[in-house]
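Just protein_32.cif here, mmCIF, C-alpha atoms:
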data_coords
#
loop_
_atom_site.label_atom_id
_atom_site.label_comp_id
_atom_site.auth_asym_id
_atom_site.auth_seq_id
_atom_site.Cartn_x
_atom_site.Cartn_y
_atom_site.Cartn_z
CA SER A 1 103.28 91.95 113.28
CA GLN A 2 104.76 91.68 109.83
CA GLN A 3 105.85 95.30 109.83
CA GLY A 4 109.56 95.90 109.49
CA GLU A 5 111.60 98.21 111.62
CA GLU A 6 113.67 101.09 110.35
CA ASP A 7 116.36 103.06 112.04
CA PRO A 8 116.99 105.75 112.71
CA GLN A 9 113.45 107.07 113.06
CA ALA A 10 114.75 110.52 112.18
CA LEU A 11 117.99 111.72 110.62
CA SER A 12 119.20 115.27 110.10
CA ILE A 13 122.28 115.97 107.97
CA GLN A 14 123.95 118.80 106.10
CA GLU A 15 123.62 119.09 102.36
CA GLY A 16 126.41 117.17 100.65
CA GLU A 17 126.70 114.53 103.37
CA ASN A 18 125.67 110.92 102.94
CA ALA A 19 122.56 109.50 104.59
CA THR A 20 122.21 105.86 105.60
CA MET A 21 118.95 104.24 106.64
CA ASN A 22 118.54 100.69 107.84
CA CYS A 23 115.63 98.30 107.61
CA SER A 24 115.06 94.97 109.33
CA TYR A 25 112.29 92.52 108.52
CA LYS A 26 110.99 89.26 109.89
CA THR A 27 110.01 86.85 107.12
CA SER A 28 111.34 85.18 104.00
CA ILE A 29 111.02 87.65 101.14
CA ASN A 30 110.72 87.75 97.38
CA ASN A 31 112.07 91.29 97.18
CA LEU A 32 112.55 94.46 99.20
CA GLN A 33 111.65 97.92 97.95
CA TRP A 34 112.40 101.45 99.09
CA TYR A 35 109.92 104.28 98.72
CA ARG A 36 110.01 108.01 99.40
CA GLN A 37 107.12 110.11 100.66
CA ASN A 38 107.07 113.88 100.73
CA SER A 39 104.94 115.53 103.43
CA GLY A 40 102.19 112.90 103.69
CA ARG A 41 101.67 112.69 99.96
CA GLY A 42 101.82 109.65 97.67
CA LEU A 43 104.76 107.31 97.63
CA VAL A 44 107.43 107.29 94.98
CA HIS A 45 109.18 104.03 94.21
CA LEU A 46 112.97 104.33 94.44
CA ILE A 47 114.48 100.92 93.99
CA LEU A 48 113.71 97.19 94.17
CA ILE A 49 116.22 94.56 95.21
CA ARG A 50 115.47 90.88 94.84
CA SER A 51 116.22 88.24 97.43
CA ASN A 52 119.09 86.83 95.34
CA GLU A 53 120.75 90.23 94.97
CA ARG A 54 123.14 91.77 97.49
CA GLU A 55 123.61 95.29 96.20
CA LYS A 56 121.97 97.62 93.74
CA HIS A 57 122.66 101.15 92.55
CA SER A 58 120.46 103.82 91.05
CA GLY A 59 121.96 107.25 90.60
CA ARG A 60 122.89 108.51 94.07
CA LEU A 61 121.15 105.58 95.74
CA ARG A 62 122.83 102.40 96.89
CA VAL A 63 120.84 99.58 98.44
CA THR A 64 122.22 96.49 100.13
CA LEU A 65 120.38 93.36 101.20
CA ASP A 66 121.52 90.73 103.68
CA THR A 67 118.95 87.95 103.75
CA SER A 68 120.83 86.04 106.45
CA LYS A 69 120.40 88.99 108.79
CA LYS A 70 117.03 89.99 107.31
CA SER A 71 118.21 93.53 106.86
CA SER A 72 118.70 96.15 104.19
CA SER A 73 120.26 99.58 104.00
CA LEU A 74 119.66 102.60 101.80
CA LEU A 75 122.53 105.00 101.21
CA ILE A 76 121.91 108.39 99.64
CA THR A 77 125.17 110.01 98.61
CA ALA A 78 125.84 113.73 98.26
CA SER A 79 122.47 114.61 99.74
CA ARG A 80 120.44 117.60 98.61
CA ALA A 81 117.76 119.65 100.33
CA ALA A 82 115.25 118.11 97.91
CA ASP A 83 115.99 114.70 99.43
CA THR A 84 114.14 115.80 102.57
CA ALA A 85 111.32 113.27 102.93
CA SER A 86 110.25 110.12 104.73
CA TYR A 87 111.80 106.91 103.44
CA PHE A 88 110.12 103.53 103.81
CA CYS A 89 111.34 100.04 103.16
CA ALA A 90 108.71 97.50 102.14
CA THR A 91 108.93 93.78 101.66
CA VAL A 92 107.10 91.31 99.47
CA GLU A 93 106.98 88.00 101.28
CA THR A 94 107.77 84.81 99.44
CA GLY A 95 104.60 83.66 97.67
CA ALA A 96 102.74 86.93 98.28
CA ASN A 97 102.05 89.98 96.15
CA ASN A 98 101.39 92.78 98.62
CA LEU A 99 103.84 95.03 100.43
CA PHE A 100 104.50 95.24 104.14
CA PHE A 101 105.98 98.59 105.08
CA GLY A 102 108.59 99.45 107.64
CA THR A 103 108.17 102.17 110.20
CA GLY A 104 109.97 104.77 108.11
CA THR A 105 112.87 107.19 108.53
CA ARG A 106 112.29 110.93 108.42
CA LEU A 107 115.29 112.52 106.65
CA THR A 108 115.97 116.23 106.85
CA VAL A 109 118.74 117.68 104.69
CA ILE A 110 119.80 121.12 105.84
CA PRO A 111 120.90 123.48 103.04
CA SER B 112 104.84 102.42 84.81
CA ALA B 113 101.36 103.56 85.82
CA VAL B 114 99.89 106.88 86.87
CA ILE B 115 97.25 106.68 89.56
CA SER B 116 94.79 109.39 90.53
CA GLN B 117 92.47 109.51 93.51
CA LYS B 118 89.32 111.47 94.23
CA PRO B 119 88.72 113.30 96.45
CA SER B 120 92.17 114.50 97.44
CA ARG B 121 90.85 115.48 100.86
CA ASP B 122 87.60 115.71 102.75
CA ILE B 123 86.20 116.66 106.11
CA CYS B 124 83.30 114.46 107.17
CA GLN B 125 80.91 114.19 110.04
CA ARG B 126 80.85 111.23 112.37
CA GLY B 127 78.47 108.50 111.26
CA THR B 128 78.59 109.31 107.56
CA SER B 129 80.32 107.38 104.78
CA LEU B 130 82.83 108.45 102.13
CA THR B 131 83.71 106.69 98.89
CA ILE B 132 87.21 107.19 97.50
CA GLN B 133 87.87 106.55 93.84
CA CYS B 134 91.12 105.26 92.37
CA GLN B 135 91.79 105.45 88.63
CA VAL B 136 94.83 104.00 86.85
CA ASP B 137 95.90 105.19 83.42
CA SER B 138 96.66 101.63 82.27
CA GLN B 139 95.68 98.11 83.19
CA VAL B 140 97.20 96.73 86.35
CA THR B 141 97.17 93.17 87.56
CA MET B 142 96.49 93.94 91.19
CA MET B 143 95.23 96.92 93.19
CA PHE B 144 95.60 97.57 96.89
CA TRP B 145 94.24 99.97 99.50
CA TYR B 146 96.36 101.26 102.37
CA ARG B 147 95.74 103.45 105.38
CA GLN B 148 98.34 105.78 106.83
CA GLN B 149 97.47 107.28 110.18
CA PRO B 150 99.09 110.57 111.17
CA GLY B 151 102.84 110.19 111.53
CA GLN B 152 102.69 106.46 110.94
CA SER B 153 103.66 104.00 108.25
CA LEU B 154 101.29 102.39 105.76
CA THR B 155 99.03 99.53 106.72
CA LEU B 156 97.43 97.34 104.08
CA ILE B 157 93.65 97.32 104.28
CA ALA B 158 92.83 94.93 101.46
CA THR B 159 93.60 93.64 98.01
CA ALA B 160 90.94 94.74 95.52
CA ASN B 161 90.04 91.78 93.29
CA GLN B 162 88.47 92.35 89.93
CA GLY B 163 84.93 90.99 89.79
CA SER B 164 85.01 89.39 93.22
CA GLU B 165 85.13 90.29 96.88
CA ALA B 166 88.23 92.02 98.17
CA THR B 167 90.72 90.17 100.37
CA TYR B 168 90.96 91.92 103.72
CA GLU B 169 93.88 91.99 106.13
CA SER B 170 93.50 91.22 109.78
CA GLY B 171 91.68 94.00 111.57
CA PHE B 172 89.76 95.21 108.52
CA VAL B 173 86.27 94.03 107.53
CA ILE B 174 84.07 94.42 104.51
CA ASP B 175 81.21 96.07 106.41
CA LYS B 176 83.49 98.91 107.44
CA PHE B 177 85.57 99.18 104.26
CA PRO B 178 83.59 97.90 101.28
CA ILE B 179 85.71 97.81 98.13
CA SER B 180 84.79 97.48 94.50
CA ARG B 181 86.93 96.77 91.46
CA PRO B 182 84.76 96.52 88.37
CA ASN B 183 87.65 96.47 85.88
CA LEU B 184 91.45 96.48 85.60
CA THR B 185 91.86 100.25 85.95
CA PHE B 186 89.38 101.38 88.61
CA SER B 187 88.58 100.70 92.24
CA THR B 188 86.67 102.33 95.07
CA LEU B 189 87.03 102.19 98.84
CA THR B 190 84.20 103.26 101.10
CA VAL B 191 84.85 104.23 104.69
CA SER B 192 81.53 103.51 106.40
CA ASN B 193 79.97 104.89 109.56
CA MET B 194 83.02 107.04 110.16
CA SER B 195 84.45 107.98 113.52
CA PRO B 196 87.35 110.32 114.37
CA GLU B 197 89.63 107.25 114.56
CA ASP B 198 89.18 106.86 110.79
CA SER B 199 91.00 110.15 110.19
CA SER B 200 93.91 109.07 108.01
CA ILE B 201 95.39 109.21 104.57
CA TYR B 202 94.00 106.49 102.33
CA LEU B 203 96.18 105.41 99.42
CA CYS B 204 95.55 103.07 96.56
CA SER B 205 98.25 101.34 94.56
CA GLY B 206 98.55 99.15 91.53
CA VAL B 207 101.06 96.63 90.29
CA LYS B 208 101.51 95.39 86.74
CA ASP B 209 103.57 92.32 87.48
CA ARG B 210 102.86 90.32 90.61
CA ALA B 211 105.20 91.04 93.52
CA GLU B 212 106.92 93.82 91.61
CA THR B 213 106.97 97.61 91.88
CA GLN B 214 103.77 99.21 93.17
CA TYR B 215 102.61 102.57 91.88
CA PHE B 216 100.79 104.74 94.37
CA GLY B 217 98.12 107.35 94.08
CA PRO B 218 98.58 110.73 95.80
CA GLY B 219 96.32 109.72 98.67
CA THR B 220 93.04 110.97 100.11
CA ARG B 221 93.39 112.90 103.33
CA LEU B 222 90.32 112.29 105.49
CA LEU B 223 89.38 114.17 108.64
CA VAL B 224 86.38 112.98 110.62
CA LEU B 225 84.87 115.38 113.14
#
Starting from the coordinates I provided, produce the structure as structure tokens.
Amino acid sequence: SQQGEEDPQALSIQEGENATMNCSYKTSINNLQWYRQNSGRGLVHLILIRSNEREKHSGRLRVTLDTSKKSSSLLITASRAADTASYFCATVETGANNLFFGTGTRLTVIP
Amino acid sequence: SAVISQKPSRDICQRGTSLTIQCQVDSQVTMMFWYRQQPGQSLTLIATANQGSEATYESGFVIDKFPISRPNLTFSTLTVSNMSPEDSSIYLCSGVKDRAETQYFGPGTRLLVL
């Protein structure tokens, strides 16, 4: 399967703490993207990191990419209750255009 | 960016019937995709909707079961044919303006088959 793996599957933290989610994938990629999904609704794009990039920031989000280990991490700093959602990594394979999604991490931020 | 809407947002259908889901984008997109998300699971790509030609299906999905149309650069439909309870899922469409770049997703169609 081309699907990536994410861990942990579920994460519960207190508001104000940092949340880290990890993603591993199997193939050579063009880029890796992180998405958020609230309660089975549509996905919201968070950040895209290209295969030649190692780290990217967007507001309270920090994404790293290690192509040698075929892994990525998403760090959410100073979490808020509104961050409660499922987070998915998704990869675009080299030469392709479509996304392959990871298994997802369910994040719960407790007020 | 692109804003994508889907109709219907949800439906309850009887076994053996078919449902067509519409996906409308507010601006032209290069590529459109259809995904399925089964309860508690991640997204699985069904097919790439190609404008003016047959869709490109992923392994495990066939045109007879999931016929797709894309008559122009802003609209696509997915039909779930001869439905069974196993087809109960959320169906999402997405669009991308630049190949291999950010995808914009619709809110999804939640389907329950009895």
Residue IDs satisfying the PyMOL selection byres ((chain A) within 7 of (chain B)), as a PyMOL selection string: chain A and resi 41-43+92+96-98+101-104
Neighbour list for Leu65 (chain A) as a list in words, cut-off 9 Å, all atoms listed in the file, skip fewer than 5 positions in-chain: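 Final neighbour list, sorted by chain and number: Leu32, Ile49, Arg50, Ser51, Asn52, Glu53, Arg54, Glu55, Lys56, Lys70, Ser71, Ser72 and Ser73 of chain A.
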Include C-alpha atoms and write out the residues we just selected as an mmCIF file, in the frame of the given file.
data_model
loop_
_atom_site.group_PDB
_atom_site.id
_atom_site.type_symbol
_atom_site.label_atom_id
_atom_site.label_comp_id
_atom_site.auth_asym_id
_atom_site.auth_seq_id
_atom_site.Cartn_x
_atom_site.Cartn_y
_atom_site.Cartn_z
ATOM 1 C CA LEU A 32 112.550 94.460 99.200
ATOM 2 C CA ILE A 49 116.220 94.560 95.210
ATOM 3 C CA ARG A 50 115.470 90.880 94.840
ATOM 4 C CA SER A 51 116.220 88.240 97.430
ATOM 5 C CA ASN A 52 119.090 86.830 95.340
ATOM 6 C CA GLU A 53 120.750 90.230 94.970
ATOM 7 C CA ARG A 54 123.140 91.770 97.490
ATOM 8 C CA GLU A 55 123.610 95.290 96.200
ATOM 9 C CA LYS A 56 121.970 97.620 93.740
ATOM 10 C CA LYS A 70 117.030 89.990 107.310
ATOM 11 C CA SER A 71 118.210 93.530 106.860
ATOM 12 C CA SER A 72 118.700 96.150 104.190
ATOM 13 C CA SER A 73 120.260 99.580 104.000
#
Determine the residue membership of the PyMOL selection byres ((chain A and resi 89) around 10) for the file above and supply it as a compact mmCIF listing (two decimals) with C-alpha atoms, in the coordinates of the input.
# COMPACT_ATOMS: atom_id res chain seq x y z
CA GLN A 3 105.85 95.30 109.83
CA GLY A 4 109.56 95.90 109.49
CA GLU A 5 111.60 98.21 111.62
CA GLU A 6 113.67 101.09 110.35
CA MET A 21 118.95 104.24 106.64
CA ASN A 22 118.54 100.69 107.84
CA CYS A 23 115.63 98.30 107.61
CA SER A 24 115.06 94.97 109.33
CA TYR A 25 112.29 92.52 108.52
CA LEU A 32 112.55 94.46 99.20
CA GLN A 33 111.65 97.92 97.95
CA TRP A 34 112.40 101.45 99.09
CA TYR A 35 109.92 104.28 98.72
CA ARG A 36 110.01 108.01 99.40
CA LEU A 46 112.97 104.33 94.44
CA ILE A 47 114.48 100.92 93.99
CA LEU A 48 113.71 97.19 94.17
CA SER A 72 118.70 96.15 104.19
CA SER A 73 120.26 99.58 104.00
CA LEU A 74 119.66 102.60 101.80
CA TYR A 87 111.80 106.91 103.44
CA PHE A 88 110.12 103.53 103.81
CA ALA A 90 108.71 97.50 102.14
CA THR A 91 108.93 93.78 101.66
CA LEU A 99 103.84 95.03 100.43
CA PHE A 100 104.50 95.24 104.14
CA PHE A 101 105.98 98.59 105.08
CA GLY A 102 108.59 99.45 107.64
CA THR A 103 108.17 102.17 110.20
CA GLY A 104 109.97 104.77 108.11
CA THR A 105 112.87 107.19 108.53
Report, in Å to a single decimal, how far apart CA of Leu225 (chain B) and CA of Asp198 (chain B) are.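 Atom-to-atom, CA of Asp198 (chain B) and CA of Leu225 (chain B) are spaced 9.8 Å apart.
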Apply the PyMOL selection byres ((chain B and resi 125) around 9) to the displayed file and report the matching residues as a PyMOL selection string. chain B and resi 123-124+126-129+194-196+223-225
Counting all atoms listed in the file, what is within 8 Å of Ser180 (chain B), bar same-chain residues fewer than 2 positions away, as a PyMOL selection string? chain B and resi 160-162+165-166+178+182+187-189
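Distance-wise, CA of Ala78 (chain A) and CA of Ser39 (chain A) end up 21.6 Å apart.
When CA of Val191 (chain B) is paired with CA of Ser170 (chain B), their separation reads 16.4 Å.
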